[in-house]
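A.B. asks: Structure file protein03.txt (compact mmCIF, C-alpha atoms) is given on the next line.
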# COMPACT_ATOMS: atom_id res chain seq x y z
CA MET A 10 -5.39 0.83 -30.08
CA SER A 11 -6.81 3.88 -28.44
CA ALA A 12 -4.35 6.14 -26.71
CA LEU A 13 -4.21 9.16 -24.49
CA SER A 14 -3.50 12.48 -26.14
CA ASN A 15 -2.03 15.60 -24.68
CA ALA A 16 -5.41 17.29 -24.86
CA THR A 17 -7.73 17.49 -21.86
CA ARG A 18 -11.44 17.90 -21.38
CA HIS A 19 -13.28 19.46 -18.43
CA ARG A 20 -15.52 17.36 -16.24
CA SER A 21 -18.68 18.63 -14.62
CA ASP A 22 -16.88 18.88 -11.27
CA GLY A 23 -14.41 21.35 -12.74
CA ALA A 24 -11.42 18.97 -12.69
CA GLN A 25 -9.50 18.06 -15.81
CA ALA A 26 -9.76 14.55 -17.18
CA PRO A 27 -7.66 13.03 -19.95
CA CYS A 28 -9.13 13.10 -23.44
CA LEU A 29 -8.76 10.03 -25.66
CA ARG A 30 -7.84 9.97 -29.33
CA PRO A 31 -5.81 7.63 -31.55
CA VAL A 32 -2.11 8.37 -32.10
CA ARG A 33 -0.08 7.46 -35.14
CA GLY A 34 0.35 3.71 -35.58
CA THR A 35 -2.68 2.68 -33.51
CA HIS A 36 -5.91 1.15 -34.69
CA PRO A 37 -9.17 2.61 -33.38
CA GLY A 38 -11.51 0.08 -31.81
CA THR A 39 -8.74 -2.16 -30.44
CA ARG A 40 -6.86 -1.89 -27.19
CA PRO A 41 -3.38 -2.84 -26.00
CA GLN A 42 -2.72 -5.69 -23.64
CA VAL A 43 -0.01 -3.70 -21.85
CA GLU A 44 0.34 0.00 -21.15
CA VAL A 45 3.70 1.30 -19.92
CA VAL A 46 3.44 4.65 -18.16
CA VAL A 47 6.50 6.88 -17.84
CA PRO A 48 5.75 9.60 -15.24
CA VAL A 49 7.92 12.69 -15.78
CA TYR A 50 8.56 16.07 -14.22
CA ASN A 51 11.19 18.36 -15.76
CA GLU A 52 13.04 15.54 -17.53
CA ASP A 53 13.85 17.21 -20.85
CA SER A 54 17.49 16.13 -20.65
CA VAL A 55 16.76 12.37 -20.62
CA LEU A 56 13.19 11.94 -21.87
CA GLU A 57 13.87 11.51 -25.59
CA LEU A 58 16.70 9.00 -25.25
CA SER A 59 14.83 6.98 -22.59
CA VAL A 60 11.57 6.78 -24.54
CA ILE A 61 13.36 5.78 -27.73
CA GLN A 62 15.24 3.08 -25.81
CA LEU A 63 12.02 1.85 -24.15
CA HIS A 64 10.16 1.91 -27.47
CA GLY A 65 12.86 -0.14 -29.19
CA PHE A 66 12.93 -2.67 -26.37
CA LEU A 67 9.15 -3.17 -26.39
CA HIS A 68 9.13 -3.46 -30.20
CA ASP A 69 11.85 -6.11 -30.19
CA ASN A 70 11.03 -8.09 -27.05
CA LEU A 71 7.44 -7.80 -25.89
CA PRO A 72 5.13 -10.51 -27.31
CA PHE A 73 2.03 -8.53 -26.32
CA SER A 74 0.36 -5.51 -27.88
CA TRP A 75 1.49 -2.40 -26.04
CA GLN A 76 1.60 1.34 -25.83
CA ILE A 77 3.70 3.90 -23.98
CA VAL A 78 2.09 6.83 -22.17
CA ILE A 79 4.33 9.72 -21.14
CA ALA A 80 2.56 11.19 -18.09
CA ASP A 81 3.83 14.74 -17.65
CA ASN A 82 2.89 16.23 -14.31
CA ALA A 83 3.23 20.01 -14.58
CA SER A 84 6.75 20.21 -16.03
CA THR A 85 8.10 23.74 -16.46
CA ASP A 86 10.91 22.93 -18.92
CA ARG A 87 10.70 21.42 -22.45
CA THR A 88 9.50 18.02 -21.24
CA LEU A 89 5.95 18.39 -22.59
CA GLU A 90 7.19 19.70 -25.94
CA ILE A 91 9.54 16.75 -26.35
CA ALA A 92 6.85 14.30 -25.24
CA ARG A 93 4.41 15.61 -27.84
CA ARG A 94 7.02 15.34 -30.57
CA LEU A 95 7.79 11.75 -29.60
CA ALA A 96 4.08 10.90 -29.67
CA HIS A 97 3.91 12.31 -33.20
CA GLU A 98 7.02 10.55 -34.47
CA LEU A 99 6.72 7.13 -32.81
CA ASP A 100 3.99 4.54 -33.11
CA HIS A 101 2.22 3.48 -29.93
CA VAL A 102 3.38 6.51 -27.92
CA ALA A 103 0.94 8.98 -26.34
CA VAL A 104 1.08 11.90 -23.92
CA LEU A 105 -0.96 12.73 -20.85
CA HIS A 106 -0.46 16.24 -19.45
CA LEU A 107 -1.51 17.18 -15.93
CA SER A 108 -1.51 20.70 -14.54
CA GLU A 109 -0.52 19.54 -11.02
CA ARG A 110 2.61 17.81 -9.79
CA GLY A 111 2.83 14.36 -8.23
CA ARG A 112 3.98 10.98 -9.49
CA GLY A 113 1.04 9.29 -7.77
CA ARG A 114 -1.32 11.77 -9.40
CA ALA A 115 0.18 11.01 -12.82
CA LEU A 116 -0.14 7.25 -12.34
CA ARG A 117 -3.70 7.58 -11.07
CA ALA A 118 -4.74 9.64 -14.11
CA ALA A 119 -3.02 7.37 -16.65
CA TRP A 120 -4.18 4.10 -15.13
CA SER A 121 -7.74 5.34 -14.61
CA ALA A 122 -8.08 6.30 -18.28
CA SER A 123 -6.33 3.25 -19.72
CA GLU A 124 -8.08 0.50 -21.67
CA ALA A 125 -5.17 -1.95 -21.40
CA ASP A 126 -5.39 -5.28 -19.58
CA VAL A 127 -2.17 -4.79 -17.62
CA LEU A 128 -0.83 -1.43 -16.43
CA CYS A 129 2.76 -0.80 -15.47
CA TYR A 130 5.21 2.01 -15.04
CA THR A 131 8.93 2.60 -15.09
CA ASP A 132 10.97 5.58 -14.00
CA VAL A 133 12.15 7.75 -16.87
CA ASP A 134 15.82 7.22 -16.01
CA LEU A 135 15.41 3.49 -16.78
CA SER A 136 17.47 2.64 -13.70
CA THR A 137 15.84 -0.79 -13.76
CA ASP A 138 17.10 -3.10 -16.48
CA LEU A 139 14.24 -3.56 -18.94
CA ARG A 140 14.99 -7.26 -19.27
CA ALA A 141 12.97 -7.67 -16.05
CA LEU A 142 9.83 -6.36 -17.78
CA LEU A 143 8.63 -9.65 -19.27
CA PRO A 144 9.00 -11.56 -15.94
CA LEU A 145 7.10 -8.66 -14.35
CA LEU A 146 4.21 -8.83 -16.81
CA ALA A 147 3.90 -12.57 -17.47
CA PRO A 148 2.16 -13.59 -14.19
CA LEU A 149 -0.35 -10.77 -14.61
CA ILE A 150 -1.11 -11.57 -18.23
CA SER A 151 -1.62 -15.22 -17.28
CA GLY A 152 -3.86 -14.29 -14.34
CA HIS A 153 -1.53 -15.99 -11.84
CA SER A 154 -0.89 -12.78 -9.85
CA ASP A 155 -2.62 -9.47 -9.21
CA VAL A 156 0.29 -7.06 -8.68
CA ALA A 157 3.97 -7.38 -9.65
CA ILE A 158 6.91 -5.37 -8.33
CA GLY A 159 10.57 -5.12 -9.12
CA THR A 160 12.68 -5.62 -6.03
CA ARG A 161 16.23 -4.51 -5.33
CA LEU A 162 16.30 -6.17 -1.92
CA ALA A 163 15.70 -9.82 -2.79
CA ARG A 164 18.22 -12.53 -3.56
CA GLY A 165 19.23 -12.38 -7.20
CA ALA A 166 18.97 -8.58 -7.56
CA GLN A 167 22.07 -6.73 -8.77
CA VAL A 168 22.12 -3.16 -7.43
CA THR A 169 24.58 -0.32 -7.88
CA ARG A 170 23.98 2.63 -5.57
CA GLY A 171 25.59 4.62 -2.79
CA PRO A 172 25.53 3.55 0.87
CA LYS A 173 23.22 6.45 1.84
CA ARG A 174 20.44 5.40 -0.55
CA GLU A 175 20.98 1.75 0.36
CA LEU A 176 20.61 2.49 4.08
CA ILE A 177 17.51 4.65 3.57
CA SER A 178 15.83 2.05 1.38
CA ARG A 179 16.44 -0.83 3.76
CA ALA A 180 15.43 1.22 6.80
CA TYR A 181 12.19 2.30 5.11
CA ASN A 182 11.23 -1.26 4.23
CA LEU A 183 12.03 -2.40 7.78
CA ILE A 184 9.68 0.32 9.06
CA LEU A 185 6.95 -0.97 6.74
CA ARG A 186 7.42 -4.49 8.03
CA ALA A 187 7.34 -3.41 11.68
CA ALA A 188 4.56 -0.83 11.48
CA LEU A 189 2.30 -2.24 8.76
CA GLY A 190 3.25 -5.91 8.63
CA ALA A 191 4.40 -5.54 5.02
CA ARG A 192 5.39 -8.83 3.41
CA PHE A 193 6.69 -7.33 0.16
CA SER A 194 10.41 -6.63 0.09
CA ASP A 195 10.76 -3.34 -1.82
CA ALA A 196 8.04 -0.69 -1.86
CA GLN A 197 9.96 2.08 -3.60
CA CYS A 198 11.43 0.52 -6.74
CA GLY A 199 10.03 2.46 -9.72
CA PHE A 200 9.12 -0.67 -11.66
CA LYS A 201 5.66 -2.07 -10.99
CA ALA A 202 2.67 -3.58 -12.77
CA ILE A 203 -0.94 -4.28 -11.90
CA ARG A 204 -3.88 -5.94 -13.61
CA ALA A 205 -6.39 -3.36 -14.80
CA ASP A 206 -9.30 -4.92 -12.90
CA VAL A 207 -7.26 -4.83 -9.70
CA ALA A 208 -6.27 -1.22 -10.36
CA ARG A 209 -9.93 -0.27 -10.70
CA GLN A 210 -10.50 -1.80 -7.28
CA LEU A 211 -7.50 -0.30 -5.45
CA VAL A 212 -6.48 2.99 -7.07
CA PRO A 213 -9.62 4.94 -6.04
CA ARG A 214 -8.84 4.03 -2.43
CA VAL A 215 -5.25 5.34 -2.55
CA ARG A 216 -5.13 8.82 -1.03
CA ASP A 217 -1.53 9.80 -1.67
CA GLU A 218 -0.65 11.70 -4.86
CA GLU A 219 3.14 11.74 -4.48
CA TRP A 220 5.88 9.16 -3.84
CA PHE A 221 3.95 7.25 -1.15
CA PHE A 222 1.39 6.19 -3.79
CA ASP A 223 3.31 2.94 -4.45
CA THR A 224 3.53 1.95 -0.80
CA GLU A 225 -0.12 2.68 -0.11
CA LEU A 226 -1.19 0.68 -3.18
CA LEU A 227 0.85 -2.34 -2.06
CA VAL A 228 -0.42 -2.17 1.53
CA LEU A 229 -4.01 -2.07 0.28
CA ALA A 230 -3.30 -5.02 -2.03
CA GLN A 231 -1.88 -7.01 0.86
CA ARG A 232 -4.84 -6.16 3.09
CA GLU A 233 -7.14 -7.43 0.34
CA ARG A 234 -5.09 -10.64 0.32
CA LEU A 235 -4.13 -10.20 -3.31
CA ARG A 236 -1.18 -12.03 -4.82
CA ILE A 237 1.94 -9.84 -5.11
CA HIS A 238 4.64 -11.21 -7.42
CA GLU A 239 8.25 -10.08 -6.91
CA VAL A 240 10.96 -9.95 -9.57
CA PRO A 241 14.61 -9.37 -8.61
CA VAL A 242 15.97 -6.62 -10.85
CA ASP A 243 19.28 -5.19 -11.97
CA TRP A 244 19.23 -1.56 -10.90
CA VAL A 245 21.72 1.33 -11.24
CA GLU A 246 21.26 4.53 -9.26
CA ASP A 247 20.57 7.69 -11.26
CA SER A 248 23.08 10.34 -10.18
CA ASP A 249 20.64 13.05 -11.38
CA SER A 250 17.68 11.85 -9.31
CA ARG A 251 15.06 14.57 -8.62
CA VAL A 252 13.79 12.98 -5.41
CA ALA A 253 14.14 15.27 -2.36
CA ILE A 254 15.15 12.62 0.15
CA VAL A 255 14.39 14.45 3.42
CA SER A 256 10.96 15.82 2.48
CA THR A 257 9.99 12.58 0.74
CA ALA A 258 11.02 10.52 3.79
CA ALA A 259 8.96 12.79 6.06
CA ALA A 260 5.92 12.46 3.79
CA ASP A 261 6.37 8.69 3.65
CA LEU A 262 6.47 8.45 7.45
CA ARG A 263 3.28 10.50 7.67
CA GLY A 264 1.72 8.08 5.20
CA VAL A 265 2.84 5.10 7.29
CA GLY A 266 1.22 6.70 10.34
CA ARG A 267 -2.01 7.26 8.43
CA LEU A 268 -2.14 3.64 7.27
CA MET A 269 -1.41 2.43 10.81
CA CYS A 270 -4.49 4.32 12.01
CA THR A 271 -6.65 2.53 9.43
CA SER A 272 -5.17 -0.92 9.96
CA ARG A 273 -7.06 -3.93 11.28
CA VAL A 274 -5.15 -3.80 14.57
CA ALA A 275 -6.03 -0.12 15.02
CA ARG A 276 -9.73 -0.82 14.41
CA PHE A 277 -9.63 -3.74 16.83
CA ALA A 278 -7.80 -1.64 19.42
CA ALA A 279 -10.43 1.10 19.20
CA ILE A 280 -13.22 -1.45 19.70
CA GLY A 281 -11.19 -3.03 22.51
CA VAL A 282 -10.81 0.29 24.31
CA ALA A 283 -14.54 0.96 24.00
CA SER A 284 -15.29 -2.55 25.25
CA THR A 285 -12.94 -2.17 28.22
CA VAL A 286 -14.53 1.13 29.23
CA ALA A 287 -18.02 -0.33 28.82
CA TYR A 288 -16.99 -3.38 30.83
CA ALA A 289 -15.61 -1.28 33.71
CA VAL A 290 -18.79 0.85 33.84
CA LEU A 291 -21.06 -2.20 33.76
CA TYR A 292 -19.00 -3.93 36.44
CA LEU A 293 -19.28 -0.95 38.79
CA LEU A 294 -23.03 -0.68 38.17
CA LEU A 295 -23.57 -4.40 38.80
CA LEU A 296 -21.30 -4.60 41.83
CA GLY A 297 -24.07 -3.49 44.19
CA PRO A 298 -26.79 -6.03 43.39
CA PHE A 299 -24.35 -8.85 42.49
CA PRO A 300 -21.20 -10.26 44.07
CA ALA A 301 -17.90 -9.46 42.36
CA GLY A 302 -17.63 -12.75 40.47
CA ALA A 303 -21.15 -12.56 39.06
CA ALA A 304 -20.79 -8.88 38.18
CA ASN A 305 -17.59 -9.69 36.30
CA VAL A 306 -19.22 -12.51 34.27
CA ILE A 307 -22.33 -10.50 33.38
CA ALA A 308 -20.34 -7.42 32.37
CA LEU A 309 -18.01 -9.53 30.25
CA ALA A 310 -20.88 -11.42 28.63
CA LEU A 311 -22.69 -8.25 27.56
CA THR A 312 -19.57 -6.56 26.21
CA ALA A 313 -18.32 -9.76 24.55
CA VAL A 314 -21.44 -10.13 22.39
CA ALA A 315 -21.21 -6.50 21.31
CA ASN A 316 -17.44 -6.81 20.83
CA THR A 317 -17.76 -9.86 18.56
CA ALA A 318 -20.47 -8.17 16.48
CA ALA A 319 -18.44 -4.97 16.12
CA ASN A 320 -15.24 -6.80 15.20
CA ARG A 321 -17.10 -9.00 12.74
CA ARG A 322 -18.27 -5.99 10.77
CA ILE A 323 -15.66 -3.27 11.39
CA THR A 324 -12.37 -5.10 11.96
CA PHE A 325 -12.71 -8.19 9.80
CA GLY A 326 -15.18 -6.92 7.19
CA ARG A 327 -17.74 -9.72 7.47
CA ARG A 328 -21.13 -8.63 6.08
CA GLY A 329 -24.53 -10.30 5.98
CA ARG A 330 -26.16 -12.81 8.31
CA ALA A 331 -24.43 -15.90 6.94
CA GLY A 332 -22.30 -17.43 9.66
CA VAL A 333 -23.41 -14.98 12.36
CA TRP A 334 -24.37 -17.66 14.86
CA ARG A 335 -21.25 -19.67 14.19
CA ASP A 336 -19.14 -16.56 14.72
CA GLN A 337 -20.95 -15.74 17.97
CA ILE A 338 -20.62 -19.31 19.27
CA GLN A 339 -16.91 -19.41 18.50
CA GLY A 340 -16.65 -15.94 19.97
CA ALA A 341 -18.29 -17.31 23.13
CA PHE A 342 -15.42 -19.76 23.55
CA VAL A 343 -13.01 -16.84 23.26
CA PHE A 344 -15.18 -15.07 25.84
CA LEU A 345 -14.83 -18.00 28.26
CA THR A 346 -11.07 -17.64 27.98
CA THR A 347 -11.33 -13.99 28.93
CA VAL A 348 -13.58 -14.95 31.86
CA ALA A 349 -10.87 -17.34 33.05
CA ILE A 350 -8.25 -14.58 32.81
CA THR A 351 -10.25 -11.93 34.67
CA SER A 352 -11.75 -14.36 37.21
CA GLY A 353 -8.28 -15.71 37.89
CA ALA A 354 -7.09 -12.16 38.53
CA LEU A 355 -9.92 -11.68 41.04
CA LEU A 356 -9.02 -14.93 42.82
CA ILE A 357 -5.39 -13.86 43.08
CA LEU A 358 -6.42 -10.47 44.45
CA ASP A 359 -8.75 -12.15 46.94
CA GLY A 360 -5.91 -14.37 48.09
CA VAL A 361 -3.71 -11.34 48.71
CA ASP A 362 -6.39 -9.18 50.36
CA ARG A 363 -9.74 -10.56 51.50
CA ARG A 364 -11.28 -7.07 51.43
CA PRO A 365 -9.49 -5.06 48.74
CA ALA A 366 -10.23 -1.37 48.28
CA ARG A 367 -12.32 -0.45 45.24
CA ALA A 368 -9.48 1.31 43.39
CA PRO A 369 -6.99 -1.62 43.33
CA GLU A 370 -9.84 -4.02 42.54
CA VAL A 371 -10.84 -2.01 39.48
CA ALA A 372 -7.18 -1.57 38.49
CA VAL A 373 -6.58 -5.33 38.58
CA LEU A 374 -9.66 -5.94 36.49
CA VAL A 375 -8.73 -3.31 33.93
CA VAL A 376 -5.24 -4.82 33.54
CA SER A 377 -6.61 -8.36 33.27
CA SER A 378 -9.29 -7.16 30.86
CA THR A 379 -6.60 -5.60 28.69
CA LEU A 380 -4.78 -8.93 28.62
CA ALA A 381 -8.09 -10.59 27.78
CA THR A 382 -8.50 -8.13 24.89
CA VAL A 383 -5.18 -9.25 23.42
CA VAL A 384 -6.23 -12.89 23.76
CA ARG A 385 -9.58 -12.02 22.18
CA TYR A 386 -7.89 -10.46 19.17
CA LEU A 387 -5.71 -13.50 18.60
CA GLY A 388 -8.70 -15.80 18.94
CA LEU A 389 -10.86 -13.75 16.58
CA ARG A 390 -8.08 -13.17 14.06
CA TYR A 391 -6.76 -16.70 13.81
CA TRP A 392 -9.84 -18.76 14.64
CA VAL A 393 -13.28 -17.09 14.59
CA PHE A 394 -12.60 -14.87 11.56
CA ALA A 395 -9.68 -16.77 10.09
CA PRO A 396 -9.59 -16.12 6.32
CA HIS A 397 -10.47 -19.00 4.04
CA LYS A 398 -7.69 -18.01 1.64
CA PRO A 399 -4.21 -17.21 3.00
CA ALA A 400 -2.52 -14.01 1.95
CA VAL A 401 0.10 -14.67 -0.69
CA THR A 402 3.21 -12.81 -1.67
CA ASP A 403 5.15 -14.59 -4.40
CA GLN A 404 8.78 -14.66 -3.41
CA PRO A 405 11.34 -14.53 -6.20
CA LEU A 406 13.09 -17.72 -7.14
CA SER A 407 16.68 -17.86 -5.97
As a first step, turn the structure in this file into structure tokens.

C.D. replies:
Amino acid sequence: MSALSNATRHRSDGAQAPCLRPVRGTHPGTRPQVEVVVPVYNEDSVLELSVIQLHGFLHDNLPFSWQIVIADNASTDRTLEIARRLAHELDHVAVLHLSERGRGRALRAAWSASEADVLCYTDVDLSTDLRALLPLLAPLISGHSDVAIGTRLARGAQVTRGPKRELISRAYNLILRAALGARFSDAQCGFKAIRADVARQLVPRVRDEEWFFDTELLVLAQRERLRIHEVPVDWVEDSDSRVAIVSTAAADLRGVGRLMCTSRVARFAAIGVASTVAYAVLYLLLLGPFPAGAANVIALALTAVANTAANRRITFGRRGRAGVWRDQIQGAFVFLTTVAITSGALLILDGVDRRPARAPEVAVLVVSSTLATVVRYLGLRYWVFAPHKPAVTDQPLS
């Protein structure tokens, strides 16, 4: 197996990249099936005992070839010294040293340099019972799933922690469900695995370098309709946790806001706003030479074609000319529904006031057009651009 060393080499862009060399007990030219990353920052009090325990467990229980990578992100205590000694004394243990802090940064560096088939990580405190490791890895090794996560919030999990951490964890995952439509149950558990080919697809797109890295990775996986496997775990809170709860929570909320702005709904909303403005302008321009009903239909028809084309490419990621006419024809049926909504609004207004002032007429049309935009999204999302393959999140067996 090839393994990461504690040395680094300089890239042409000036950044530091991990340097590869064999460590004791590995065989050059071969590669492990599984790489277990242990990200650490100032953990000299627990590192040695935890790595020895993890090493013994993998040796005795894992039926796959493996290696451990201790990913030190800018520790200022004896963590790096201890990590290097462990890499020298134990087979299949290597060290990656980074000069900047950040758990996400450490995982990105380790996973990007790995040659293993499946990549995973566990927190150094080993709060998660290692007996969950094989159920975590098995569906990835078999190719059944793309990402696997340990969950403390699913039926079957046994968790020991204080009420404050419990409340924060559940509240955070509720926020993810409400704001991002998350269908995974526990974003923060430090016990996850991913197939290497999937990591190569997703990790370069993850922007966060800290604790939000996990959440962003899972949201991207869900948006790509990848299969996320969940494993209920036994988990005991570490009383010496280094996580700064307040600052981490604030950073996580900023990350949630950022992902909301890049979500499918946000992209559709932006196109919808532009379409509504364009529709209102066109309607006013056409209102002179055409009666109100005709001006409404023409303005809607022009904006609907552009709206369908924009949503096809930007919101739903359809590329190429295949299926363009089908999408436009189905989009036309959605358009007719919006015509019925806005035309109905005009008829109601006409029944109330045979000669309405321009301002209330435009206001009614803008409101009805907004409603039509919502209907258009539902029609495009669940009919015109309905995915051929449903998104899947494997729920743990009860």

A.B. asks: Find the residues near segment 229-244 of chain A: any atom within 9 Å, counting all atoms listed in the file, skip ones fewer than 3 places away on the same chain, and give them as a ChimeraX atom specification.

C.D. replies: /A:135-141,144-145,148-149,153-170,191-195,207,211,214-215,224-226,272-273,398-406

A.B. asks: Report as a ChimeraX atom specification all protein, DNA and RNA residues lying within 12 Å of Leu374 of chain A, evaluated on all atoms listed in the file, omitting residues in the same chain fewer than 2 positions from it.

C.D. replies: /A:285-286,288-290,292-293,301-302,304-306,308-309,347-358,367-372,376-382

A.B. asks: Using Å and a single decimal, report how far atom CA of Leu67 of chain A sits from atom CA of Val102 of chain A.

C.D. replies: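 A separation of 11.4 Å between them.
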
A.B. asks: As an exercise, work out the distance from atom CA of Thr257 of chain A to atom CA of Lys201 of chain A in Å and give it to one decimal place.

C.D. replies: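 Atom CA of Thr257 of chain A sits 19.3 Å away from atom CA of Lys201 of chain A.
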
A.B. asks: Using only C-alpha atoms, can you tell me which of A:Ala260, A:Ala319, A:Leu183, A:Val55 comes closest to Ala283 of chain A?

C.D. replies: A:Ala319

A.B. asks: Figure out the distance between atom CA of Gln62 of chain A and atom CA of Asp100 of chain A, please, to one decimal in Å.

C.D. replies: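 Going from atom CA of Asp100 of chain A over to atom CA of Gln62 of chain A, I get 13.5 Å.
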
A.B. asks: Would you mind telling me which residue in A:Arg94, A:Arg390, A:Arg174, A:Arg209 lies nearest to Arg321 of chain A when using all atoms listed in the file?

C.D. replies: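 Among the listed residues, the smallest separation from Arg321 of chain A belongs to A:Arg390.
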